[in-house]
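Chemist: So here's work.txt (compact mmCIF, C-alpha atoms).
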```txt
# COMPACT_ATOMS: atom_id res chain seq x y z
CA MET Q 117 0.00 0.00 0.00
CA LEU Q 118 1.19 3.49 -0.80
CA LYS Q 119 2.12 5.63 2.19
CA THR Q 120 3.36 9.13 2.83
CA MET Q 121 7.06 9.29 3.60
CA LYS Q 122 8.82 12.47 4.59
CA ALA Q 123 12.29 12.86 3.13
CA ASP Q 124 15.23 15.19 3.63
CA LEU Q 125 17.45 14.13 0.76
CA HIS Q 126 20.46 16.37 1.35
CA ILE Q 127 22.31 15.98 4.65
CA HIS Q 128 26.02 16.45 5.30
CA THR Q 129 27.97 14.67 8.04
CA CYS Q 130 31.17 15.48 9.90
CA LEU Q 131 33.00 14.14 6.82
CA SER Q 132 32.26 17.34 4.90
CA PRO Q 133 34.93 19.87 5.86
CA CYS Q 134 32.36 22.67 6.00
CA ALA Q 135 29.91 20.73 8.18
CA ASP Q 136 29.77 20.94 11.96
CA LEU Q 137 31.74 18.27 13.79
CA SER Q 138 28.62 17.50 15.81
CA MET Q 139 27.08 16.01 12.64
CA SER Q 140 27.66 12.46 13.87
CA PRO Q 141 25.55 9.57 12.61
CA LYS Q 142 23.71 9.20 15.91
CA ALA Q 143 22.99 12.90 16.31
CA ILE Q 144 21.71 13.13 12.73
CA ALA Q 145 19.44 10.09 13.14
CA GLU Q 146 18.12 11.35 16.50
CA GLN Q 147 17.31 14.76 15.10
CA ALA Q 148 15.66 13.23 12.02
CA LYS Q 149 13.44 11.16 14.33
CA ILE Q 150 12.41 14.28 16.25
CA LYS Q 151 11.53 15.95 12.94
CA GLU Q 152 9.50 12.86 11.93
CA ILE Q 153 11.62 12.21 8.88
CA ASP Q 154 11.38 8.76 7.26
CA ILE Q 155 14.10 9.02 4.60
CA LEU Q 156 17.50 10.73 4.76
CA GLY Q 157 19.80 11.24 1.78
CA ILE Q 158 23.39 11.39 3.03
CA CYS Q 159 25.34 13.56 0.60
CA ASP Q 160 28.79 14.65 1.73
CA HIS Q 161 30.97 16.59 -0.70
CA ASN Q 162 32.43 14.15 -3.23
CA SER Q 163 32.39 11.26 -0.76
CA ALA Q 164 30.13 8.55 0.70
CA GLU Q 165 32.49 7.29 3.39
CA ASN Q 166 30.20 8.06 6.33
CA VAL Q 167 27.13 6.40 4.85
CA PRO Q 168 27.80 2.93 6.37
CA ALA Q 169 27.83 4.47 9.87
CA LEU Q 170 24.62 6.37 9.15
CA ILE Q 171 22.86 3.21 7.98
CA LYS Q 172 23.75 1.47 11.25
CA ALA Q 173 22.91 4.46 13.46
CA ALA Q 174 19.54 5.01 11.77
CA GLN Q 175 18.35 1.42 12.18
CA LYS Q 176 16.97 1.78 15.69
CA TYR Q 177 15.09 4.92 14.72
CA GLU Q 178 13.59 3.16 11.71
CA ILE Q 179 14.85 5.82 9.36
CA SER Q 180 15.82 4.78 5.84
CA ILE Q 181 19.17 6.01 4.56
CA LEU Q 182 19.81 6.62 0.88
CA PRO Q 183 23.56 6.51 0.21
CA GLY Q 184 24.64 9.56 -1.74
CA LEU Q 185 27.23 12.16 -2.65
CA GLU Q 186 27.15 15.83 -3.49
CA ILE Q 187 29.46 15.97 -6.48
CA THR Q 188 31.24 19.13 -7.60
CA SER Q 189 31.59 19.29 -11.37
CA GLN Q 190 34.35 21.05 -13.29
CA GLU Q 191 32.06 24.09 -13.65
CA GLU Q 192 31.68 24.07 -9.83
CA VAL Q 193 28.07 22.98 -10.05
CA HIS Q 194 26.81 20.78 -7.20
CA ILE Q 195 24.92 17.65 -8.26
CA LEU Q 196 23.37 15.20 -5.79
CA ALA Q 197 23.68 11.48 -6.49
CA LEU Q 198 21.34 9.15 -4.58
CA PHE Q 199 21.33 5.35 -4.47
CA ASP Q 200 19.63 2.46 -2.69
CA GLN Q 201 22.77 0.46 -2.00
CA LEU Q 202 26.24 1.31 -0.76
CA GLU Q 203 28.04 -0.44 -3.58
CA PRO Q 204 27.11 1.84 -6.49
CA ALA Q 205 27.65 4.90 -4.27
CA PHE Q 206 31.19 3.71 -3.57
CA GLU Q 207 31.81 2.88 -7.22
CA LEU Q 208 30.79 6.40 -8.14
CA GLN Q 209 32.89 7.76 -5.27
CA ASN Q 210 35.94 5.96 -6.65
CA LEU Q 211 35.36 7.46 -10.07
CA ILE Q 212 35.09 10.91 -8.48
CA TYR Q 213 38.21 10.33 -6.37
CA ASP Q 214 40.15 9.45 -9.54
CA ASN Q 215 39.14 12.84 -10.94
CA LEU Q 216 39.46 14.94 -7.79
CA PRO Q 217 42.84 16.66 -7.47
CA GLY Q 218 44.37 18.05 -4.31
CA GLU Q 219 44.75 17.31 -0.63
CA ASN Q 220 42.68 18.76 2.20
CA ASP Q 221 44.12 21.50 4.40
CA GLU Q 222 42.32 21.14 7.73
CA GLU Q 223 43.34 24.61 8.86
CA ALA Q 224 41.81 26.21 5.79
CA PHE Q 225 38.76 24.05 5.09
CA GLY Q 226 38.03 21.97 8.19
CA MET Q 227 38.36 18.38 9.28
CA GLN Q 228 37.07 15.46 7.22
CA VAL Q 229 36.20 12.84 9.80
CA VAL Q 230 35.21 9.30 8.92
CA VAL Q 231 33.39 7.78 11.90
CA ASN Q 232 31.59 4.63 13.00
CA GLU Q 233 27.96 4.52 14.15
CA GLU Q 234 29.00 5.58 17.66
CA GLY Q 235 30.71 8.67 16.28
CA GLU Q 236 34.18 7.31 17.05
CA VAL Q 237 36.87 8.50 14.66
CA LEU Q 238 38.01 5.83 12.23
CA ARG Q 239 40.25 8.04 10.08
CA PHE Q 240 40.60 11.43 8.47
CA ASN Q 241 39.90 11.65 4.76
CA LYS Q 242 42.83 13.29 2.99
CA LYS Q 243 41.20 14.18 -0.35
CA LEU Q 244 40.35 17.80 -1.12
CA LEU Q 245 36.62 17.08 -0.80
CA ILE Q 246 35.72 20.76 -0.98
CA GLY Q 247 37.39 20.97 -4.41
CA ALA Q 248 35.97 20.46 -7.88
CA SER Q 249 36.29 17.26 -9.87
CA SER Q 250 37.56 17.45 -13.43
CA LEU Q 251 34.32 15.91 -14.74
CA THR Q 252 31.92 18.19 -16.58
CA VAL Q 253 28.36 18.47 -15.32
CA ASP Q 254 27.20 16.30 -18.25
CA GLU Q 255 29.78 13.65 -17.36
CA VAL Q 256 28.70 13.73 -13.71
CA VAL Q 257 25.03 13.17 -14.57
CA GLU Q 258 25.96 10.43 -17.01
CA ALA Q 259 28.15 8.71 -14.40
CA ILE Q 260 25.36 8.82 -11.79
CA HIS Q 261 22.93 7.22 -14.23
CA SER Q 262 25.47 4.60 -15.30
CA PHE Q 263 25.39 3.40 -11.66
CA LYS Q 264 21.55 3.62 -11.66
CA GLY Q 265 21.35 6.54 -9.26
CA LEU Q 266 19.19 9.66 -9.15
CA ALA Q 267 20.85 12.87 -10.36
CA ILE Q 268 19.48 16.04 -8.76
CA ALA Q 269 20.81 19.57 -9.26
CA ALA Q 270 21.47 20.92 -5.76
CA HIS Q 271 20.08 24.18 -4.33
CA ILE Q 272 19.21 25.84 -7.64
CA ASP Q 273 17.89 28.83 -5.70
CA ARG Q 274 21.36 29.63 -4.36
CA GLU Q 275 23.93 31.58 -6.34
CA GLY Q 276 27.04 29.75 -5.21
CA PHE Q 277 27.79 26.33 -6.66
CA SER Q 278 24.37 25.93 -8.23
CA LEU Q 279 23.53 24.97 -11.77
CA VAL Q 280 21.80 28.29 -12.36
CA GLY Q 281 24.44 30.39 -10.61
CA GLN Q 282 27.39 28.83 -12.42
CA LEU Q 283 25.83 28.17 -15.81
CA GLY Q 284 23.24 30.94 -16.00
CA PHE Q 285 20.25 28.69 -16.65
CA ILE Q 286 19.31 25.02 -16.57
CA PRO Q 287 20.90 23.40 -19.65
CA PRO Q 288 17.86 22.04 -21.50
CA ASP Q 289 19.45 18.76 -22.56
CA LEU Q 290 21.01 17.91 -19.20
CA ASN Q 291 19.39 14.63 -18.19
CA LEU Q 292 18.57 15.39 -14.54
CA ASP Q 293 15.91 13.59 -12.49
CA ALA Q 294 14.96 16.62 -10.39
CA LEU Q 295 15.94 20.06 -9.14
CA GLU Q 296 16.50 20.75 -5.46
CA TYR Q 297 15.57 24.03 -3.81
CA SER Q 298 15.86 25.21 -0.22
CA SER Q 299 13.24 26.24 2.29
CA LEU Q 300 14.33 29.87 1.77
CA THR Q 301 12.37 29.85 -1.49
CA SER Q 302 8.74 28.83 -1.94
CA PRO Q 303 7.79 26.39 -4.72
CA GLU Q 304 5.83 29.23 -6.33
CA GLU Q 305 8.92 31.46 -6.37
CA VAL Q 306 11.01 28.63 -7.81
CA LYS Q 307 8.50 28.15 -10.64
CA GLU Q 308 8.32 31.85 -11.37
CA LYS Q 309 12.09 32.34 -11.35
CA PHE Q 310 13.39 29.25 -13.11
CA HIS Q 311 10.43 27.97 -15.17
CA PRO Q 312 11.47 24.42 -14.41
CA VAL Q 313 10.35 21.60 -16.65
CA LEU Q 314 11.88 19.10 -14.23
CA PRO Q 315 10.36 17.85 -10.96
CA LEU Q 316 11.17 19.89 -7.85
CA THR Q 317 12.22 18.65 -4.44
CA CYS Q 318 12.93 20.62 -1.30
CA SER Q 319 15.64 19.59 1.17
CA SER Q 320 17.72 21.15 3.91
CA ASP Q 321 21.37 20.82 2.81
CA SER Q 322 22.07 20.57 6.54
CA HIS Q 323 25.57 21.29 7.79
CA PHE Q 324 24.34 21.75 11.39
CA ILE Q 325 22.10 19.51 13.51
CA GLU Q 326 19.42 22.16 14.01
CA ASP Q 327 18.95 22.52 10.24
CA ILE Q 328 17.87 18.92 9.68
CA GLY Q 329 14.28 18.85 8.44
CA LYS Q 330 14.19 22.57 7.62
CA GLY Q 331 13.54 21.57 4.02
CA THR Q 332 11.69 18.35 3.29
CA THR Q 333 9.66 16.66 0.58
CA SER Q 334 6.82 14.24 1.35
CA PHE Q 335 6.37 11.45 -1.15
CA LEU Q 336 3.41 9.11 -1.60
CA ILE Q 337 5.32 5.91 -2.34
CA LEU Q 338 5.38 2.18 -1.68
CA GLU Q 339 8.79 1.97 -0.04
CA PRO Q 340 11.78 4.23 0.63
CA THR Q 341 13.75 3.57 -2.57
CA THR Q 342 15.15 5.76 -5.32
CA GLU Q 343 13.02 3.87 -7.82
CA GLU Q 344 9.85 4.82 -5.92
CA ILE Q 345 11.01 8.41 -5.53
CA LYS Q 346 11.66 8.56 -9.25
CA LYS Q 347 8.12 7.35 -9.91
CA ALA Q 348 6.84 10.06 -7.58
CA PHE Q 349 8.89 12.67 -9.48
CA LEU Q 350 7.22 11.49 -12.67
CA ASN Q 351 3.72 11.01 -11.19
CA GLN Q 352 3.69 7.35 -12.19
CA GLU Q 353 1.45 4.55 -10.85
CA GLY Q 354 -0.15 6.75 -8.21
CA ARG Q 355 3.18 7.79 -6.74
CA LYS Q 356 3.50 11.51 -6.25
CA ILE Q 357 4.96 14.40 -4.32
CA ILE Q 358 2.52 15.53 -1.65
CA ASN Q 359 4.33 18.66 -0.54
CA MET G 736 38.55 48.36 -31.96
CA ASN G 737 37.28 45.49 -34.00
CA LEU G 738 37.64 41.90 -32.95
CA LYS G 739 39.98 40.96 -35.76
CA ASP G 740 42.58 43.53 -34.67
CA ILE G 741 42.31 42.39 -31.05
CA ILE G 742 42.82 38.77 -32.09
CA GLU G 743 45.97 39.72 -33.95
CA LYS G 744 47.40 41.94 -31.23
CA LEU G 745 46.67 39.51 -28.39
CA ASN G 746 47.67 36.48 -30.42
CA LEU G 747 44.41 34.61 -29.78
CA GLN G 748 43.62 31.30 -31.38
CA VAL G 749 40.22 31.43 -33.10
CA LEU G 750 38.22 28.20 -32.87
CA THR G 751 34.86 29.08 -34.38
CA ALA G 752 32.95 31.58 -36.53
CA LYS G 753 36.12 32.63 -38.37
CA ASP G 754 34.17 34.64 -40.94
CA THR G 755 32.38 36.87 -38.39
CA LEU G 756 35.30 38.67 -36.79
CA GLU G 757 34.58 42.18 -38.03
CA THR G 758 32.46 43.02 -34.97
CA GLU G 759 33.26 46.13 -32.96
CA VAL G 760 34.28 45.29 -29.40
CA SER G 761 32.65 47.71 -26.94
CA TRP G 762 34.54 46.62 -23.81
CA GLY G 763 35.68 43.53 -21.95
CA TYR G 764 33.95 41.50 -19.27
CA THR G 765 35.71 38.90 -17.10
CA SER G 766 33.63 36.44 -15.07
CA ASP G 767 33.08 32.71 -14.60
CA LEU G 768 29.61 32.93 -13.11
CA LEU G 769 27.24 32.82 -16.07
CA SER G 770 24.40 34.26 -14.00
CA ASP G 771 26.64 37.28 -13.38
CA VAL G 772 27.48 37.62 -17.08
CA ILE G 773 23.77 37.57 -17.91
CA ALA G 774 23.15 40.26 -15.32
CA ASN G 775 26.10 42.58 -15.96
CA SER G 776 27.77 42.20 -19.35
CA LYS G 777 26.89 44.63 -22.11
CA GLU G 778 26.32 44.35 -25.83
CA GLY G 779 29.54 44.06 -27.81
CA ASN G 780 31.62 43.01 -24.78
CA LEU G 781 34.43 40.54 -25.28
CA TRP G 782 33.91 37.94 -22.55
CA ILE G 783 36.88 36.35 -20.77
CA THR G 784 36.16 33.11 -18.89
CA LEU G 785 37.36 29.62 -18.05
CA GLN G 786 33.90 28.04 -18.39
CA THR G 787 33.62 25.74 -21.41
CA HIS G 788 30.07 24.40 -21.02
CA GLN G 789 27.81 24.95 -24.02
CA ASN G 790 25.68 27.38 -22.01
CA ILE G 791 28.38 30.02 -22.63
CA ILE G 792 27.28 30.20 -26.27
CA ALA G 793 23.65 30.82 -25.33
CA VAL G 794 24.73 33.55 -22.91
CA ALA G 795 26.93 35.22 -25.54
CA LYS G 796 24.05 35.10 -28.00
CA LEU G 797 21.53 36.38 -25.47
CA LYS G 798 23.72 39.35 -24.52
CA ASP G 799 25.00 40.03 -28.05
CA LEU G 800 28.61 39.68 -26.94
CA ALA G 801 31.40 40.14 -29.48
CA GLY G 802 33.01 36.82 -28.60
CA ILE G 803 34.42 34.60 -25.87
CA ILE G 804 38.05 34.14 -24.85
CA LEU G 805 38.79 30.89 -23.02
CA VAL G 806 41.80 31.25 -20.72
CA ASN G 807 44.63 28.94 -19.62
CA ASN G 808 44.52 27.03 -22.92
CA ARG G 809 41.18 25.48 -22.01
CA MET G 810 39.52 23.63 -24.84
CA PRO G 811 35.73 23.68 -25.10
CA GLU G 812 33.56 20.59 -25.13
CA GLU G 813 32.49 19.21 -28.51
CA GLU G 814 28.91 20.45 -28.09
CA THR G 815 30.16 23.94 -27.27
CA LEU G 816 32.18 24.12 -30.48
CA LYS G 817 29.22 22.89 -32.51
CA LYS G 818 26.86 25.43 -30.99
CA ALA G 819 29.33 28.29 -31.39
CA GLU G 820 29.71 27.50 -35.07
CA GLN G 821 25.93 27.25 -35.50
CA GLU G 822 25.24 30.50 -33.68
CA LYS G 823 28.25 32.27 -35.21
CA VAL G 824 29.80 33.13 -31.86
CA PRO G 825 33.57 33.63 -32.13
CA LEU G 826 35.27 31.38 -29.59
CA MET G 827 38.97 31.98 -28.91
CA THR G 828 41.61 30.49 -26.65
CA THR G 829 44.71 31.90 -25.06
CA LYS G 830 47.46 30.43 -22.93
CA ASP G 831 47.15 33.49 -20.68
CA SER G 832 45.29 33.49 -17.37
CA ALA G 833 42.13 35.57 -16.98
CA PHE G 834 44.12 38.25 -15.14
CA ASN G 835 46.83 38.48 -17.79
CA ILE G 836 44.55 38.54 -20.80
CA SER G 837 42.20 41.03 -19.12
CA GLY G 838 45.18 43.28 -18.45
CA LYS G 839 46.37 43.04 -22.03
CA LEU G 840 42.91 43.78 -23.41
CA PHE G 841 42.52 46.73 -21.06
CA GLN G 842 45.84 48.16 -22.24
CA LEU G 843 44.69 47.75 -25.81
CA ILE G 844 41.22 49.35 -25.57
CA GLY G 845 41.35 50.97 -22.12
CA ASN G 846 41.77 54.53 -23.40
CA LYS G 847 38.09 54.79 -24.18
CA GLY G 848 36.61 53.17 -21.06
```
For the file at hand, write its structure as structure tokens.
Modeler:
Amino acid sequence: MLKTMKADLHIHTCLSPCADLSMSPKAIAEQAKIKEIDILGICDHNSAENVPALIKAAQKYEISILPGLEITSQEEVHILALFDQLEPAFELQNLIYDNLPGENDEEAFGMQVVVNEEGEVLRFNKKLLIGASSLTVDEVVEAIHSFKGLAIAAHIDREGFSLVGQLGFIPPDLNLDALEYSSLTSPEEVKEKFHPVLPLTCSSDSHFIEDIGKGTTSFLILEPTTEEIKKAFLNQEGRKIIN
Amino acid sequence: MNLKDIIEKLNLQVLTAKDTLETEVSWGYTSDLLSDVIANSKEGNLWITLQTHQNIIAVAKLKDLAGIILVNNRMPEEETLKKAEQEKVPLMTTKDSAFNISGKLFQLIGNKG
């Protein structure tokens, strides 16, 4: 039976150098429970290394985790990749790592902490996760789809690192599954400003615990999978976006 | 100054629209944020950027820019070249950085800013 599931598809963890160190798996899952969220997309910058810990930490709260990444293209456009399983997320991560130059400077950008479900430090990621990959935005979207993931343009209502900010407008032949906007903009404003032909989804892009759930999308779907969410984006088989 | 003279003086490599270089260049504009170029560039501007996505051609067309200089020897994507040729937008490359080529262009046409 179809049910309403509330999703926040864009959450950072303490792995992202710009995110708060208190963004531990447990704290994120706890806060999501308080905000009555059913599905979390975990999208650190150019990495999925904290997703396994999130999956474990979220189990007892009965929150579904979609493994993901927020990829930075050559044009410095942020694209979200979302999957159902860890494996394709890691395969995509490896492809990104192969095309991501530089080493992180903790003093300048912040720490990149890989943790377990208890929030204990496993290691520090050394890649320059805040940097841009050498893949073009078209190559990024193509790569996401080659691993059967959802490709969503992040925060199109923001100037920095957004598809619209960097590239002026939404490239008409870019094969995205949806466009993400923040809670700072209403869906009506988004429609008026960007004339989107693609489905819209709102999420929080949380870097701090208190931001989790500030932007959400409720889906009428069968189960918390990317396939179901895609059907909701396309209004197929009764699946849809409720708000 | 017309684009052809600028190309010669700055030693730019022309990639597309080689038969439409007689345009008068009104001024230069240097930016990598296409939303900013849409908002602030002016007709006849020669645009200096490192972006190579095909959207640059649509922006140049929309704003009636004289042409686009790609810096640091960056080569555009295949689609970008195709579109530039179709839309007759002169696309040029230089080994210079954005700072250097902007400085050279300013020296060349700066007396009438």
Chemist: Extract, using all atoms listed in the file, all DNA, RNA and protein residues at most 10 Å from segment 339-342 of chain Q, discarding same-chain residues fewer than 4 positions from it, and format them as a short mmCIF file (atom, residue, chain, number, x, y, z; two decimals) with C-alpha atoms, in the coordinates of the input.
Modeler:
```cif
data_model
loop_
_atom_site.label_atom_id
_atom_site.label_comp_id
_atom_site.auth_asym_id
_atom_site.auth_seq_id
_atom_site.Cartn_x
_atom_site.Cartn_y
_atom_site.Cartn_z
CA MET Q 117 0.00 0.00 0.00
CA LEU Q 118 1.19 3.49 -0.80
CA LYS Q 119 2.12 5.63 2.19
CA THR Q 120 3.36 9.13 2.83
CA MET Q 121 7.06 9.29 3.60
CA LYS Q 122 8.82 12.47 4.59
CA ALA Q 123 12.29 12.86 3.13
CA ASP Q 154 11.38 8.76 7.26
CA ILE Q 155 14.10 9.02 4.60
CA LEU Q 156 17.50 10.73 4.76
CA ILE Q 179 14.85 5.82 9.36
CA SER Q 180 15.82 4.78 5.84
CA ILE Q 181 19.17 6.01 4.56
CA LEU Q 182 19.81 6.62 0.88
CA LEU Q 198 21.34 9.15 -4.58
CA PHE Q 199 21.33 5.35 -4.47
CA ASP Q 200 19.63 2.46 -2.69
CA GLN Q 201 22.77 0.46 -2.00
CA LYS Q 264 21.55 3.62 -11.66
CA GLY Q 265 21.35 6.54 -9.26
CA LEU Q 266 19.19 9.66 -9.15
CA PHE Q 335 6.37 11.45 -1.15
CA LYS Q 346 11.66 8.56 -9.25
CA LYS Q 347 8.12 7.35 -9.91
CA ALA Q 348 6.84 10.06 -7.58
#
```
Chemist: Using only C-alpha atoms, can you list as a ChimeraX atom specification the residues within 8 Å of (31.2, 17.9, -19.2)?
Modeler: /Q:189-190,251-256 /G:788,812
Chemist: Of the residues Q:Pro312, Q:Gly284, Q:Gly331, Q:Pro204, which is the one nearest to chain G, using all atoms listed in the file?
Modeler: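 Going through Q:Pro312, Q:Gly284, Q:Gly331, Q:Pro204 one by one, the smallest distance to chain G is for Q:Gly284.
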Chemist: At most 10 Å is the cut-off: for each residue in chain G with any atom that close to an atom of chain Q, write down the nearest atom pair and the distance in Å rounded to one decimal, counting all atoms listed in the file, chain first then increasing number, as a tab-separated table.
Modeler:
```
residue	atom	partner	partner_atom	distance
G:Asp767	CA	Q:Gln282	CA	7.2
G:Leu768	CA	Q:Gln282	CA	4.7
G:Leu769	CA	Q:Gly284	CA	4.4
G:Ser770	CA	Q:Gly284	CA	4.0
G:Asp771	CA	Q:Gly284	CA	7.7
G:Val772	CA	Q:Gly284	CA	8.0
G:Ile773	CA	Q:Gly284	CA	6.9
G:Ala774	CA	Q:Gly284	CA	9.3
G:Leu785	CA	Q:Glu191	CA	8.8
G:Gln786	CA	Q:Glu191	CA	6.4
G:Thr787	CA	Q:Glu191	CA	8.1
G:His788	CA	Q:Glu191	CA	7.6
G:Gln789	CA	Q:Pro287	CA	8.3
G:Asn790	CA	Q:Leu283	CA	6.3
G:Ile791	CA	Q:Leu283	CA	7.5
G:Ala793	CA	Q:Gly284	CA	9.3
G:Val794	CA	Q:Gly284	CA	7.5
G:Glu812	CA	Q:Thr252	CA	9.0
```
Chemist: Please provide the set of residues having any atom within 9 Å of Lys796 of chain G, restricted to only C-alpha atoms, with same-chain residues fewer than 5 positions apart removed, written as a ChimeraX atom specification.
Modeler: /G:791,822-824
Chemist: Would you please work out which residue, of Q:Asn232, Q:Ser249, Q:Asn351, Q:Ser299, is nearest to Lys172 of chain Q when using all atoms listed in the file?
Modeler: Q:Asn232
Chemist: For each of G:Asn746, G:Met736, G:Asn807, G:Glu820, take the minimum atom-to-atom distance to Gly779 of chain G, counting only C-alpha atoms, then give the residue where this is smallest.
Modeler: G:Met736
Chemist: Could you check how far atom CA of Asp221 of chain Q sits from atom CA of Ala833 of chain G, in Å to one decimal?
Modeler: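 Rounded to one decimal, the two atoms are 25.7 Å apart.
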Chemist: For atom CA of Val237 of chain Q and atom CA of Lys176 of chain Q, quote the distance in Å rounded to one decimal.
Modeler: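 Atom CA of Lys176 of chain Q lies 21.0 Å from atom CA of Val237 of chain Q.
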Chemist: Mind pulling up the distance from atom CA of Lys142 of chain Q to atom CA of Ile358 of chain Q?
Modeler: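 Straight-line distance from atom CA of Ile358 of chain Q to atom CA of Lys142 of chain Q works out to 28.2 Å.
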Chemist: For each of G:Ala795, G:Ile844, G:Leu745, G:Ala819, take the minimum atom-to-atom distance to Gly763 of chain G, counting all atoms listed in the file, then give the residue where this is smallest.
Modeler: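 Counting all atoms listed in the file, the residue closest to Gly763 of chain G is G:Ile844.
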Chemist: Using all atoms listed in the file, can you tell me which of Q:Ala270, Q:Leu208, Q:Leu216, Q:Val230 comes closest to Glu296 of chain Q?
Modeler: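 Of the candidates, the smallest distance to Glu296 of chain Q is held by Q:Ala270.
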